[in-house]
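Asks: Following this message is one structure expressed as structure tokens.
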Amino acid sequence: MTTTIAAKTAKPKRREKPLIPKTRSGTYWPYLIPGLAAVLVIIVVPLVWNIYLTFTSYRGIKPPEWIGLANWEKLFADETFWQSFGNSVAMIGAMVVVPTILGLVLAALLFDLIGKKFGGKLASFLRATYYLPQILPSVIAAIVIGWILRPQNGALNTILETIGLGQLQHNWLGSPDTALPSLMLVLVWVQVGYPVVIFMAALQRVDPELYEAAELDGASWFQRFKAITAGMIRPEIFVVILTCTIAALKVFGPVYALTGGGPGTETIVPAYYAYSQFFQAQQVGYGATIATALTVVIALFSVIFIIVQSRLERREEGR
Amino acid sequence: MSAATAQTPVPPRTPARSKPPARKSRKKRRPVDWVILGVAALIGLFIAFPLILIVINSFKSPQDYATGGPLSLPNEFYTDGLTAFWERVNFPEKVWNSIFISGTVAVLGVLLSMLNAFALGIGRIKGRMWIVVLILLANMLPQEVLLYPLYFMFRSVGLYDNQWAVIVIFTVIQSAFGTYLLATLYSTFPKELLEAAAIDGASRWRTLWRVVYPVSRPTLAVLLIFFFIWTWNEFLIPLTFLVSNATQTVPVAITVLQGDRLMDVTTTSASALLGLIPTLIFFLIFQRTLTRGITAGAVK
């Protein structure tokens, strides 16, 4: 969605008139006032307040006490904080990299092969199946997988036992070596349907004659995939990468429901770390600092991503 | 896979447009196509498998589970686990809470988006680019950054542990996306319709409700469903704002009871099932609208 914004900034059209004739744009402000007032109260004021809290020691009872940059100094020296961002990279792998690649291949297969040779109904049905986990509340999705991975009598361990692989039984979410991979698996499962749906819709824009021409020229399926599929739906790929990365940086629910950041701090993510500082450690000032740092990272990533994207698009146009 | 595709002879080409659709779908199916279909179906099965497991095991007694394992079908139609959890969380109350919160947010959010977008897209207020960016902040920010100040604000006005606090917050957050989408849509609104209304002497308010609203109703419906489901699925803010049992939403009520020592294995499965069912129902009802809507949101 940010693509359009970037496109709009590129070619500003100033002094446009409202679409309703004989009205001045200034007179439309009353329609915007409720929305802007709400954003001010619910978003802007809390945001600024939160930034103020990062410079204070505040335990929720006595009024906040100004301590300057102490929270920020603590943050940069805090290993748990860096670990939480390290885990964010893992979340990006699970929510962006794997689903985007898988989504591209699956969307192309469904659209190009299965849709054409076995009928659109079957393709839509498979698409709906892939999309299923996406519609669940993320915590419920996490509980579903958490139930299967239960250590005592969980489905996975029981199945391993039955097929004679009992020695592979494991406390999947409770031991440090498998907790993070298990969490990542949940996120891949939840996320993969989203790119499939977006990419399949995008493929409908592509002129079928392009494919037929490529086929006629003897291009293999993979060549067509690379040149046409991945090329034509690039805007959608950008959108998926941007929105999924932001979602991966913000992930909270599955971590809360599955591991609570544990064992130890093995699966902690910034959002969960901030939450635990707010409500478990009662270190509101420090929690606010973590949350603000996360916001800065998201903002930086979005800005850099949009700049790179519009550069790439301009270069493409220049060709 | 690609090599196999390359070797097959290219079928004689007929112009794409004149080809009847029925014949197109009955193109020659090579063995490799069946393999690919098999792989795609297998992936689908793999994705649906956890949900199938939950459904099977929610209707088993713990003894049945212990003897038959997770893969067997239930011996008898056992619903004690389900009813136990149903009563424990007072499920109808939680469903009503979720419907009330999500429904109110959806309606108010669409209304607010429409007013914003009318000023931005049709009124073309100066600096609208920056206003849209400002409003989109609501959607981009991690909610943790708003959490404590909002908690403090709503507590000081006596709305802590009150569903209206959550409704107000999500109305703003959801309408950010709605404003963005509708403002883009309204900026290309058919000018003739607006001119005709102006010639008839309709006021702006009237034009909004008699011209803009009916024309954009399909998009508004998509937004309404989206806002409803998104709000239904929200977790962090309902978790922190709705602390007493009677106000909680479905996902929060189910999640906070996980790990409870009184819950045996099949009751836990049943709890997950109860969490799945409402959204599965929405999915079945709105499947078409949803997939159409996601596309509308994705690019432009």
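We label chains A, B, ... in the order they appear in the structure tokens, count residues from 1 in each chain, and number ligands from 1 in the order shown.
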Which polymer residues have any atom within 6 Å of an atom of Gly123 (chain B), counting only C-alpha atoms, with same-chain residues fewer than 5 positions away left out, as an MDAnalysis selection string?
Replies: chainID A and resid 18 25 28
Asks: I want to know what sits within 7 Å of region 262-278 of chain B, based on only C-alpha atoms, with residues of the same chain fewer than 4 positions away left out; could you give that as a short mmCIF file (atom, residue, chain, number, x, y, z; two decimals) with N, CA and C atoms, in the first residue's frame?
Replies:
```cif
data_model
loop_
_atom_site.label_atom_id
_atom_site.label_comp_id
_atom_site.auth_asym_id
_atom_site.auth_seq_id
_atom_site.Cartn_x
_atom_site.Cartn_y
_atom_site.Cartn_z
N LEU A 136 -7.26 -17.28 11.34
CA LEU A 136 -7.40 -17.51 12.78
C LEU A 136 -6.74 -16.37 13.55
N ILE A 140 -4.74 -18.19 18.68
CA ILE A 140 -5.43 -19.48 18.55
C ILE A 140 -4.62 -20.41 17.65
N ILE A 143 -2.02 -21.77 19.72
CA ILE A 143 -2.50 -22.80 20.65
C ILE A 143 -2.69 -24.13 19.93
N VAL A 144 -3.17 -24.08 18.69
CA VAL A 144 -3.35 -25.30 17.90
C VAL A 144 -2.02 -26.04 17.78
N TRP A 147 -0.64 -27.30 21.05
CA TRP A 147 -1.30 -28.52 21.50
C TRP A 147 -0.62 -29.74 20.88
N ILE B 54 -7.14 -31.16 15.64
CA ILE B 54 -7.88 -30.50 16.73
C ILE B 54 -9.35 -30.93 16.71
N VAL B 55 -9.93 -30.98 15.51
CA VAL B 55 -11.34 -31.36 15.42
C VAL B 55 -11.55 -32.79 15.92
N ASN B 57 -9.71 -34.63 17.95
CA ASN B 57 -9.38 -34.90 19.35
C ASN B 57 -10.23 -34.13 20.34
N SER B 58 -10.97 -33.14 19.85
CA SER B 58 -11.85 -32.42 20.76
C SER B 58 -13.03 -33.27 21.18
N LYS B 60 -12.87 -36.55 21.90
CA LYS B 60 -12.40 -37.78 22.53
C LYS B 60 -12.34 -37.58 24.03
N SER B 61 -12.50 -38.69 24.75
CA SER B 61 -12.25 -38.62 26.19
C SER B 61 -10.75 -38.77 26.39
N PRO B 62 -10.22 -38.26 27.52
CA PRO B 62 -8.78 -38.40 27.75
C PRO B 62 -8.33 -39.86 27.68
N GLY B 81 -15.41 -32.59 27.31
CA GLY B 81 -14.33 -31.62 27.26
C GLY B 81 -14.83 -30.28 26.74
N LEU B 82 -15.55 -30.36 25.64
CA LEU B 82 -16.11 -29.14 25.05
C LEU B 82 -17.03 -28.42 26.01
N PHE B 85 -15.20 -26.84 28.98
CA PHE B 85 -14.52 -25.57 28.67
C PHE B 85 -15.52 -24.48 28.34
N VAL B 250 -13.06 -13.57 22.87
CA VAL B 250 -12.82 -15.01 22.69
C VAL B 250 -11.32 -15.35 22.72
N PRO B 251 -10.47 -14.71 21.87
CA PRO B 251 -9.06 -15.11 21.90
C PRO B 251 -8.41 -14.91 23.27
N ILE B 254 -9.62 -17.57 25.90
CA ILE B 254 -9.09 -18.90 25.65
C ILE B 254 -7.60 -18.95 25.95
N PHE B 282 -16.88 -17.27 9.82
CA PHE B 282 -16.74 -16.03 9.03
C PHE B 282 -16.08 -16.33 7.69
#
```
Asks: Would you return as a list in words the members of region 51-170 of chain A that DSSP assigns to strand (DSSP E or B) on this structure's backbone?
Replies: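 Reading the DSSP output for region 51-170 of chain A, strand (DSSP E or B) covers Thr56, Ser57, Glu65 and Trp66 of chain A.
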Asks: List the spatial neighbours of Val89 (chain A) as a list in words - criterion: any atom at most 12 Å away, only C-alpha atoms, same-chain residues fewer than 2 positions off excluded.
Replies: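 Residues near the query, excluding close chain neighbours: Trp82, Gln83, Ser84, Phe85, Gly86, Asn87, Met91, Ile92, Gly93, Ala94, Met95, Val96, Val97, Leu180, Met184, Thr245, Ile246, Ala248, Leu249, Lys250, Val251, Thr267, Ile268, Val269 and Pro270 of chain A.
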Asks: Generate a file of the selected residues that holds N, CA and C atoms, formatted as a short mmCIF file (atom, residue, chain, number, x, y, z; two decimals), in the first residue's frame.
Replies:
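Saved result, result-v9.cif, follows:
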```cif
data_model
loop_
_atom_site.label_atom_id
_atom_site.label_comp_id
_atom_site.auth_asym_id
_atom_site.auth_seq_id
_atom_site.Cartn_x
_atom_site.Cartn_y
_atom_site.Cartn_z
N TRP A 82 19.32 -7.21 22.70
CA TRP A 82 19.95 -7.59 21.42
C TRP A 82 19.51 -8.98 20.99
N GLN A 83 19.33 -9.85 21.99
CA GLN A 83 18.84 -11.18 21.66
C GLN A 83 17.44 -11.10 21.05
N SER A 84 16.62 -10.21 21.62
CA SER A 84 15.25 -10.09 21.10
C SER A 84 15.27 -9.63 19.64
N PHE A 85 16.20 -8.75 19.31
CA PHE A 85 16.27 -8.33 17.90
C PHE A 85 16.87 -9.42 17.02
N GLY A 86 17.79 -10.19 17.60
CA GLY A 86 18.29 -11.35 16.86
C GLY A 86 17.15 -12.29 16.52
N ASN A 87 16.26 -12.49 17.49
CA ASN A 87 15.11 -13.34 17.22
C ASN A 87 14.16 -12.71 16.20
N MET A 91 12.28 -14.24 13.03
CA MET A 91 10.86 -14.05 12.71
C MET A 91 10.69 -13.58 11.26
N ILE A 92 11.62 -12.72 10.81
CA ILE A 92 11.56 -12.26 9.42
C ILE A 92 11.78 -13.44 8.48
N GLY A 93 12.71 -14.31 8.85
CA GLY A 93 12.90 -15.51 8.05
C GLY A 93 11.63 -16.33 7.95
N ALA A 94 10.94 -16.47 9.09
CA ALA A 94 9.76 -17.32 9.12
C ALA A 94 8.52 -16.64 8.55
N MET A 95 8.44 -15.33 8.65
CA MET A 95 7.21 -14.66 8.22
C MET A 95 7.36 -13.94 6.89
N VAL A 96 8.59 -13.74 6.41
CA VAL A 96 8.78 -13.01 5.16
C VAL A 96 9.48 -13.89 4.12
N VAL A 97 10.69 -14.34 4.44
CA VAL A 97 11.52 -14.98 3.42
C VAL A 97 10.87 -16.28 2.94
N LEU A 180 12.90 -22.05 19.38
CA LEU A 180 12.81 -21.03 18.33
C LEU A 180 12.40 -21.63 16.98
N MET A 184 9.08 -20.67 14.84
CA MET A 184 9.18 -20.24 13.45
C MET A 184 8.26 -21.08 12.55
N THR A 245 7.26 -7.88 6.78
CA THR A 245 8.40 -7.56 7.65
C THR A 245 7.93 -6.74 8.84
N ILE A 246 7.05 -5.78 8.59
CA ILE A 246 6.54 -4.99 9.71
C ILE A 246 5.81 -5.91 10.68
N ALA A 248 6.37 -9.05 11.16
CA ALA A 248 7.34 -9.92 11.83
C ALA A 248 8.03 -9.16 12.96
N LEU A 249 8.32 -7.88 12.73
CA LEU A 249 8.97 -7.09 13.78
C LEU A 249 8.02 -6.87 14.95
N LYS A 250 6.71 -6.83 14.66
CA LYS A 250 5.73 -6.54 15.70
C LYS A 250 5.19 -7.79 16.39
N VAL A 251 5.61 -8.97 15.97
CA VAL A 251 4.93 -10.20 16.42
C VAL A 251 4.91 -10.30 17.95
N THR A 267 13.32 -17.33 23.18
CA THR A 267 12.43 -16.93 22.08
C THR A 267 11.87 -15.53 22.30
N ILE A 268 12.55 -14.72 23.06
CA ILE A 268 12.01 -13.39 23.34
C ILE A 268 12.08 -12.51 22.09
N VAL A 269 11.06 -11.69 21.88
CA VAL A 269 11.06 -10.73 20.77
C VAL A 269 10.83 -9.35 21.38
N PRO A 270 11.17 -8.28 20.64
CA PRO A 270 11.09 -6.95 21.25
C PRO A 270 9.70 -6.64 21.84
#
```
Asks: Show which residues sit within 9 Å of Leu36 (chain A), as an NGL selection string. Count only C-alpha atoms, and ignore same-chain residues fewer than 6 positions away.
Replies: :B and (116 or 131 or 135)
Asks: Tell me, which residues of region 40-208 of chain B carry DSSP alpha helix (DSSP H), written as a ChimeraX atom specification?
Replies: /B:40-58,62-68,80-89,91-117,128-140,144-156,163-186,191-199,204-207
Asks: When you get a sec, could you note down which chain A residues fall within 6 Å of chain B, using only C-alpha atoms, as a ChimeraX atom specification?
Replies: /A:1,18-20,25,28,31-32,46-47,116-117,119,129-130,137,144,155,198,220-222,250,291
Asks: For Leu239 (chain B), which of A:Ala257, A:Leu110, A:Val105, A:Ile228 is the closest residue, counting only C-alpha atoms?
Replies: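 Going through A:Ala257, A:Leu110, A:Val105, A:Ile228 one by one, the smallest distance to Leu239 (chain B) is for A:Ala257.
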Asks: With distances taken over only C-alpha atoms, which residue among A:Glu316, A:Glu65, A:Asp112, A:Glu79 lies nearest Met200 (chain A)?
Replies: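 Checking each candidate against Met200 (chain A), we get A:Asp112 as the closest.
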